[in-house]
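Pasting entry.txt here (compact mmCIF, C-alpha atoms and all ligand atoms):
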# COMPACT_ATOMS: atom_id res chain seq x y z
CA MET A 1 -12.01 3.20 -19.34
CA ASP A 2 -14.92 1.99 -17.19
CA LEU A 3 -13.31 -0.30 -14.60
CA GLY A 4 -16.59 -2.09 -13.95
CA ILE A 5 -16.47 -1.57 -10.17
CA LYS A 6 -19.05 1.19 -9.69
CA GLY A 7 -20.79 0.66 -6.33
CA ARG A 8 -18.20 -1.89 -5.11
CA LYS A 9 -17.23 -1.47 -1.45
CA ALA A 10 -13.54 -0.75 -0.94
CA ILE A 11 -11.35 -0.56 2.17
CA VAL A 12 -8.12 1.43 1.88
CA SER A 13 -5.74 1.71 4.82
CA ALA A 14 -3.12 4.42 5.45
CA ALA A 15 -5.30 6.59 3.26
CA SER A 16 -4.94 10.16 4.54
CA LYS A 17 -1.75 10.87 2.58
CA GLY A 18 0.59 9.63 -0.11
CA LEU A 19 0.01 6.34 -1.90
CA GLY A 20 -3.01 5.25 0.17
CA ARG A 21 -4.83 8.52 -0.47
CA ALA A 22 -4.06 8.25 -4.19
CA CYS A 23 -5.50 4.69 -4.24
CA ALA A 24 -8.64 5.95 -2.49
CA LEU A 25 -9.06 8.76 -5.01
CA SER A 26 -8.61 6.44 -8.02
CA LEU A 27 -11.13 3.95 -6.59
CA ALA A 28 -13.60 6.77 -5.91
CA GLU A 29 -13.18 7.96 -9.51
CA ALA A 30 -14.11 4.41 -10.55
CA GLY A 31 -17.31 4.76 -8.50
CA CYS A 32 -16.42 2.65 -5.44
CA ASP A 33 -17.82 3.30 -1.95
CA LEU A 34 -14.89 3.90 0.38
CA THR A 35 -13.96 3.09 3.96
CA LEU A 36 -10.63 4.69 4.83
CA MET A 37 -8.22 4.32 7.72
CA ALA A 38 -5.27 6.24 9.17
CA ARG A 39 -4.23 7.00 12.74
CA SER A 40 -4.87 10.78 12.88
CA SER A 41 -8.49 11.67 12.33
CA GLY A 42 -7.90 15.30 11.20
CA PRO A 43 -5.90 14.54 8.04
CA LEU A 44 -8.10 11.50 7.35
CA GLU A 45 -11.29 13.60 7.49
CA GLU A 46 -9.58 16.17 5.27
CA ALA A 47 -8.71 13.45 2.72
CA ALA A 48 -12.29 12.10 2.79
CA HIS A 49 -13.62 15.63 2.27
CA ALA A 50 -11.24 16.29 -0.67
CA ILE A 51 -12.21 12.98 -2.30
CA ALA A 52 -15.91 13.81 -1.88
CA GLU A 53 -15.34 17.23 -3.47
CA ALA A 54 -13.50 15.68 -6.42
CA THR A 55 -15.73 12.64 -7.04
CA GLY A 56 -18.97 12.93 -5.07
CA VAL A 57 -18.08 9.76 -3.12
CA GLN A 58 -18.65 10.16 0.64
CA ALA A 59 -16.00 8.02 2.32
CA LYS A 60 -16.30 6.59 5.84
CA ALA A 61 -13.22 7.65 7.83
CA ILE A 62 -12.06 5.30 10.60
CA ALA A 63 -9.25 6.57 12.82
CA GLY A 64 -7.04 3.66 13.80
CA ASP A 65 -3.71 1.93 13.59
CA PHE A 66 -3.38 -0.71 10.85
CA THR A 67 -1.02 -2.74 13.06
CA VAL A 68 -3.48 -2.98 15.98
CA GLU A 69 -5.98 -5.84 15.83
CA THR A 70 -8.80 -3.99 17.64
CA ASP A 71 -8.44 -1.05 15.24
CA ARG A 72 -8.62 -3.38 12.24
CA ALA A 73 -11.79 -4.80 13.81
CA LYS A 74 -13.26 -1.25 13.81
CA LEU A 75 -12.40 -0.97 10.13
CA LEU A 76 -14.16 -4.25 9.35
CA ALA A 77 -17.17 -3.25 11.46
CA ALA A 78 -17.52 -0.13 9.29
CA CYS A 79 -17.30 -2.21 6.11
CA PRO A 80 -18.14 -5.84 6.95
CA ALA A 81 -18.38 -7.16 3.39
CA PRO A 82 -15.78 -5.40 1.25
CA ASP A 83 -15.36 -6.26 -2.44
CA ILE A 84 -11.97 -4.55 -2.57
CA LEU A 85 -9.23 -4.47 0.06
CA VAL A 86 -6.14 -2.31 -0.35
CA ASN A 87 -3.66 -3.25 2.38
CA ASN A 88 -1.36 -0.28 2.64
CA PRO A 89 0.52 -0.46 5.97
CA GLY A 90 1.71 3.15 5.72
CA VAL A 91 4.43 2.38 8.24
CA ARG A 92 7.65 4.04 7.18
CA GLN A 93 10.74 1.89 6.85
CA THR A 94 13.88 3.07 8.58
CA PRO A 95 17.29 1.65 7.67
CA THR A 96 18.84 -0.49 10.41
CA PRO A 97 22.06 -2.53 10.21
CA PHE A 98 21.20 -6.23 10.34
CA ALA A 99 23.18 -6.78 13.55
CA ASP A 100 21.20 -4.08 15.38
CA ILE A 101 17.68 -5.36 14.66
CA THR A 102 16.20 -6.47 17.97
CA LYS A 103 13.67 -9.27 18.43
CA ASP A 104 11.01 -6.66 19.19
CA GLU A 105 11.84 -4.83 15.94
CA TRP A 106 11.54 -8.04 13.91
CA ARG A 107 8.12 -8.58 15.52
CA HIS A 108 7.10 -4.96 14.82
CA TRP A 109 8.06 -5.18 11.14
CA PHE A 110 6.37 -8.53 10.63
CA GLU A 111 3.22 -7.17 12.33
CA ALA A 112 3.28 -4.03 10.17
CA HIS A 113 4.23 -5.48 6.80
CA CYS A 114 2.91 -9.03 6.92
CA PHE A 115 0.60 -10.19 9.75
CA SER A 116 -1.77 -7.19 9.69
CA SER A 117 -2.42 -7.61 5.96
CA LEU A 118 -2.79 -11.39 6.31
CA ASP A 119 -5.29 -10.87 9.13
CA LEU A 120 -7.48 -8.62 6.97
CA ILE A 121 -7.18 -10.99 4.00
CA GLN A 122 -8.27 -13.92 6.19
CA HIS A 123 -11.31 -11.94 7.34
CA CYS A 124 -12.32 -10.62 3.91
CA ALA A 125 -11.39 -13.29 1.34
CA PRO A 126 -13.94 -15.99 2.32
CA GLY A 127 -16.86 -13.56 1.92
CA MET A 128 -15.45 -12.28 -1.38
CA ALA A 129 -15.21 -15.87 -2.62
CA GLU A 130 -18.80 -16.58 -1.56
CA ARG A 131 -20.06 -13.49 -3.37
CA GLY A 132 -17.95 -14.29 -6.47
CA PHE A 133 -15.95 -11.06 -6.62
CA GLY A 134 -12.91 -9.84 -4.73
CA ARG A 135 -9.85 -7.76 -5.43
CA ILE A 136 -7.05 -7.50 -2.87
CA VAL A 137 -3.94 -5.40 -3.39
CA ASN A 138 -1.02 -5.27 -0.97
CA MET A 139 1.28 -2.25 -1.01
CA SER A 140 4.94 -3.31 -0.88
CA VAL A 141 8.15 -1.82 -2.29
CA SER A 142 10.17 -2.39 -5.48
CA PHE A 143 13.19 -3.33 -3.39
CA ILE A 144 11.69 -6.74 -2.56
CA LYS A 145 12.97 -7.67 -6.04
CA PHE A 146 16.50 -6.36 -5.37
CA PRO A 147 16.95 -6.12 -1.61
CA GLN A 148 18.94 -3.21 -0.20
CA VAL A 149 21.47 -3.24 2.59
CA ASN A 150 20.07 -2.23 6.04
CA PHE A 151 16.47 -3.17 5.17
CA ALA A 152 16.45 -6.87 6.12
CA HIS A 153 13.56 -6.31 8.57
CA SER A 154 11.29 -4.64 6.01
CA HIS A 155 12.22 -6.92 3.08
CA ALA A 156 11.79 -10.11 5.10
CA ALA A 157 8.31 -9.14 6.29
CA ARG A 158 7.10 -7.92 2.89
CA LEU A 159 8.49 -11.00 1.11
CA ALA A 160 6.78 -13.26 3.66
CA LEU A 161 3.48 -11.57 2.73
CA SER A 162 4.09 -12.05 -1.01
CA GLY A 163 4.93 -15.71 -0.37
CA ALA A 164 1.80 -16.36 1.69
CA VAL A 165 -0.34 -14.62 -0.92
CA ALA A 166 1.15 -16.67 -3.76
CA SER A 167 -0.07 -19.79 -1.99
CA MET A 168 -3.57 -18.43 -1.28
CA THR A 169 -4.29 -17.12 -4.77
CA ARG A 170 -4.64 -20.60 -6.29
CA ASP A 171 -7.58 -21.32 -3.98
CA LEU A 172 -9.31 -18.02 -4.68
CA ILE A 173 -8.93 -17.25 -8.40
CA GLY A 174 -11.58 -19.81 -9.37
CA ARG A 175 -14.10 -17.73 -7.42
CA ASN A 176 -13.01 -14.45 -9.03
CA VAL A 177 -10.92 -13.27 -6.09
CA THR A 178 -7.45 -11.97 -6.93
CA ILE A 179 -4.56 -10.85 -4.72
CA ASN A 180 -1.71 -8.84 -6.18
CA THR A 181 1.18 -6.88 -4.75
CA VAL A 182 2.23 -3.46 -5.99
CA CYS A 183 5.94 -2.69 -5.64
CA PRO A 184 6.49 1.07 -5.98
CA GLY A 185 9.82 2.76 -6.51
CA LEU A 186 10.28 6.44 -5.69
CA PHE A 187 6.95 8.26 -5.37
CA ASP A 188 6.67 11.91 -4.44
CA THR A 189 5.19 11.63 -0.94
CA ASP A 190 6.01 12.95 2.54
CA ALA A 191 7.55 9.57 3.41
CA LEU A 192 9.95 9.77 0.44
CA HIS A 193 11.14 13.25 1.39
CA THR A 194 11.57 12.27 5.06
CA ASN A 195 13.63 9.26 3.93
CA LEU A 196 15.80 11.38 1.65
CA HIS A 197 16.43 13.92 4.43
CA GLY A 198 17.46 10.98 6.65
CA HIS A 199 19.87 9.67 3.99
CA ALA A 200 21.39 13.15 3.60
CA LYS A 201 21.93 13.48 7.35
CA ARG A 202 23.46 10.02 7.73
CA GLY A 203 25.67 10.51 4.65
CA ASN A 204 26.74 13.98 5.81
CA THR A 205 25.59 15.52 2.54
CA THR A 206 22.77 17.77 1.38
CA TYR A 207 19.16 16.84 0.64
CA GLU A 208 19.59 18.28 -2.90
CA ALA A 209 22.63 16.03 -3.52
CA ILE A 210 20.65 12.96 -2.43
CA VAL A 211 17.73 13.91 -4.69
CA GLN A 212 20.10 14.29 -7.67
CA ASP A 213 21.72 10.95 -6.85
CA ARG A 214 18.34 9.16 -6.72
CA LEU A 215 17.15 10.79 -9.95
CA LYS A 216 20.40 9.77 -11.69
CA GLY A 217 19.68 6.16 -10.71
CA CYS A 218 16.14 6.32 -12.12
CA PRO A 219 15.87 5.98 -15.93
CA ALA A 220 12.57 7.92 -15.87
CA GLY A 221 14.55 10.84 -14.37
CA ARG A 222 11.78 11.84 -11.96
CA PHE A 223 9.87 10.85 -8.86
CA ALA A 224 6.41 9.52 -9.69
CA ASP A 225 3.11 11.18 -8.88
CA PRO A 226 1.21 9.08 -6.25
CA LYS A 227 -1.74 9.05 -8.68
CA GLU A 228 0.38 6.81 -10.95
CA CYS A 229 0.24 4.24 -8.15
CA GLY A 230 -3.44 4.85 -7.35
CA ASP A 231 -4.50 4.30 -10.96
CA LEU A 232 -2.48 1.07 -11.18
CA VAL A 233 -4.14 -0.20 -8.00
CA ALA A 234 -7.59 0.77 -9.31
CA PHE A 235 -6.90 -1.21 -12.49
CA LEU A 236 -5.85 -4.26 -10.43
CA CYS A 237 -9.19 -3.90 -8.63
CA SER A 238 -11.15 -3.68 -11.88
CA ALA A 239 -13.55 -6.22 -13.32
CA GLN A 240 -11.13 -6.55 -16.27
CA ALA A 241 -8.21 -7.65 -14.06
CA GLY A 242 -9.89 -10.89 -12.96
CA PHE A 243 -7.34 -13.18 -14.67
CA MET A 244 -4.29 -11.64 -13.01
CA THR A 245 -3.31 -12.85 -9.56
CA GLY A 246 -0.34 -13.51 -7.29
CA GLN A 247 1.83 -10.97 -9.11
CA ASN A 248 4.42 -8.61 -7.62
CA ILE A 249 4.19 -5.64 -9.95
CA VAL A 250 7.07 -3.19 -10.02
CA ASN A 251 6.21 0.46 -10.76
CA ASP A 252 9.56 2.24 -10.48
CA GLY A 253 10.45 4.23 -13.61
CA GLY A 254 12.85 1.55 -14.88
CA VAL A 255 15.15 1.26 -11.85
CA TYR A 256 14.72 -2.52 -11.50
CA GLN A 257 16.58 -4.15 -14.37
CA GLY A 258 15.47 -7.78 -14.00
CA LEU A 259 13.23 -9.42 -16.58
CA PHE A 260 10.95 -11.07 -14.00
N1 LIG B 1 6.64 6.88 -1.32
C1 LIG B 1 7.39 5.97 -1.83
O1 LIG B 1 8.28 6.25 -2.65
C2 LIG B 1 7.19 4.51 -1.44
C3 LIG B 1 7.83 3.56 -2.23
C4 LIG B 1 7.66 2.22 -1.92
C5 LIG B 1 6.88 1.83 -0.86
N2 LIG B 1 6.28 2.79 -0.10
C6 LIG B 1 5.49 2.30 1.03
O2 LIG B 1 4.14 2.72 0.89
C7 LIG B 1 3.57 2.98 2.16
C8 LIG B 1 2.97 4.37 2.15
O3 LIG B 1 4.00 5.31 1.96
P1 LIG B 1 3.70 6.81 1.55
O4 LIG B 1 4.87 7.27 0.79
O5 LIG B 1 2.35 6.91 0.96
O6 LIG B 1 3.70 7.50 3.00
P2 LIG B 1 3.08 8.90 3.51
O7 LIG B 1 2.88 9.84 2.39
O8 LIG B 1 3.93 9.30 4.66
O9 LIG B 1 1.63 8.48 4.05
C9 LIG B 1 1.56 7.57 5.09
C10 LIG B 1 0.09 7.31 5.39
O10 LIG B 1 0.03 6.16 6.21
C11 LIG B 1 -0.69 6.48 7.40
N3 LIG B 1 -0.14 5.60 8.43
C12 LIG B 1 1.13 5.53 8.87
N4 LIG B 1 1.26 4.58 9.81
C13 LIG B 1 0.02 4.03 9.95
C14 LIG B 1 -0.50 3.02 10.78
N5 LIG B 1 0.26 2.35 11.65
N6 LIG B 1 -1.81 2.71 10.68
C15 LIG B 1 -2.62 3.36 9.82
N7 LIG B 1 -2.17 4.34 9.00
C16 LIG B 1 -0.87 4.67 9.08
C17 LIG B 1 -0.46 7.97 7.59
O11 LIG B 1 -1.44 8.59 8.40
P3 LIG B 1 -1.26 8.65 10.01
O12 LIG B 1 0.15 9.07 10.27
O13 LIG B 1 -2.30 9.63 10.46
O14 LIG B 1 -1.56 7.26 10.49
C18 LIG B 1 -0.60 8.42 6.13
O15 LIG B 1 -1.94 8.46 5.74
C19 LIG B 1 4.70 2.77 3.18
O16 LIG B 1 4.55 1.50 3.77
C20 LIG B 1 5.96 2.86 2.35
O17 LIG B 1 7.01 2.09 2.90
C21 LIG B 1 6.41 4.12 -0.36
Write the structure described by the file as structure tokens, please.
Ligand SMILES: NC(=O)c1ccc[n+]([C@@H]2O[C@H](COP(=O)([O-])OP(=O)(O)OC[C@H]3O[C@@H](n4cnc5c(N)ncnc54)[C@H](OP(=O)(O)O)[C@@H]3O)[C@@H](O)[C@H]2O)c1
Amino acid sequence: MDLGIKGRKAIVSAASKGLGRACALSLAEAGCDLTLMARSSGPLEEAAHAIAEATGVQAKAIAGDFTVETDRAKLLAACPAPDILVNNPGVRQTPTPFADITKDEWRHWFEAHCFSSLDLIQHCAPGMAERGFGRIVNMSVSFIKFPQVNFAHSHAARLALSGAVASMTRDLIGRNVTINTVCPGLFDTDALHTNLHGHAKRGNTTYEAIVQDRLKGCPAGRFADPKECGDLVAFLCSAQAGFMTGQNIVNDGGVYQGLF
């Protein structure tokens, strides 16, 4: 399917590995020009090189931290008029009992999973609206639909972002700018395996036992390939997806059992 976005300029953050890298690859396959960000330049350059080998798209690689305003400014300087913005914070969530979350941690999680994305949206959306095309996708987590114990910090920040976006979308859709949120379940990335090792250690059990437990709870019976997230994001950025906005789309192999 031709997604109708050949030559569109796309920014993807946290793009050297995992879900962000998969989004970058899927957008490159659709013919987009890419500007990518992650903190470590080595793996980011390697990702850009691999994407160029696979698709012929030469991505700009900007080393920086998504949560740092001056680094986001560098990203925007490299791509001042993006048509597509994929806000993937990349920041790994660590379980913390509610009572132990400090004020600084609340601020950190809101910066990582809400304010940084809002800042980029505020910079990019007006230009998209003026030019009559914009696609923004925020990377969240399926658990915002069924919050888990010990993740109040992460859920609160991600839900605040979804709430802010829901309000903005009504202003922007008339000018062909959409904002949607992707809510992945268990995807086979480094972050997932680090999390599962952490769960095993805290639960005094083995990594293999935790993997089996998670797979038992997933009707699809497997962890997803990151490309299954990248291709969904590329579709949400397509010309064809211009009527769909403000949605929180779960992609989790059937774990979430709610209708809406
Ligand atoms: N994998 C899953 O099952 C899953 C499910 C739901 C939601 N998520 C969410 O999706 C996001 C990506 O997860 P993933 O599984 O793709 O992780 P991953 O495979 O560990 O990749 C993380 C990527 O983010 C970059 N990154 C981390 N912190 C960053 C920062 N402050 N600024 C810029 N880049 C940063 C990393 O590069 P550097 O370290 O070089 O910066 C790397 O490119 C996370 O927010 C995670 O909570 C993941």
Given a cut-off of 6 Å, what residues near ligand LIG 1 (chain B) show up using all atoms listed in the file, put as number ranges by chain?
A: 14-20, 38-40, 64-67, 88-93, 140-141, 184-192
Among listed residues A:Asn150, A:Gln212, A:Asn195, A:Ser238, nearest A:Ala30 (using all atoms listed in the file):
A:Ser238
Within 10 Å of A:Gly134, counting only C-alpha atoms, which residues show up once you throw out same-chain ones fewer than 4 positions away? Write them as a ChimeraX atom specification, please.
/A:8-10,82-85,124-130,172-173,175-179,237-239,242
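Distance-wise, atom CA of A:Cys79 and atom CA of A:Ala52 end up 18.0 Å apart.
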All residues 8 Å or closer to A:His155, only C-alpha atoms, same chain fewer than 4 positions away omitted, as a PDB file with C-alpha atoms, keeping the file's coordinate frame:
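Writing done, so here's result33.pdb:
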ATOM      1  CA  PHE A 143      13.190  -3.330  -3.390  1.00  0.00           C
ATOM      2  CA  ILE A 144      11.690  -6.740  -2.560  1.00  0.00           C
ATOM      3  CA  PRO A 147      16.950  -6.120  -1.610  1.00  0.00           C
ATOM      4  CA  PHE A 151      16.470  -3.170   5.170  1.00  0.00           C
ATOM      5  CA  LEU A 159       8.490 -11.000   1.110  1.00  0.00           C
TER       6      LEU A 159
END
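With only C-alpha atoms taken into account, the protein and nucleic acid residues at most 10 Å from A:Leu232 (excluding it and anything under 3 positions from it in its own chain) are Cys23, Ser26, Val182, Lys227, Glu228, Cys229, Phe235, Leu236, Cys237, Ser238, Ile249 and Asn251 of chain A.
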Selection export as a CSV table (one decimal), in the frame of the given file, atoms kept: C-alpha atoms:
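New file again.csv:
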chain,number,residue,atom,x,y,z
A,23,CYS,CA,-5.5,4.7,-4.2
A,26,SER,CA,-8.6,6.4,-8.0
A,182,VAL,CA,2.2,-3.5,-6.0
A,227,LYS,CA,-1.7,9.0,-8.7
A,228,GLU,CA,0.4,6.8,-11.0
A,229,CYS,CA,0.2,4.2,-8.2
A,235,PHE,CA,-6.9,-1.2,-12.5
A,236,LEU,CA,-5.8,-4.3,-10.4
A,237,CYS,CA,-9.2,-3.9,-8.6
A,238,SER,CA,-11.2,-3.7,-11.9
A,249,ILE,CA,4.2,-5.6,-10.0
A,251,ASN,CA,6.2,0.5,-10.8
Test item: residues at most 6 Å from stretch 113-115 of chain A, only C-alpha atoms, excluding those fewer than 5 positions along its chain, as a PyMOL selection string
chain A and resi 157-158+161
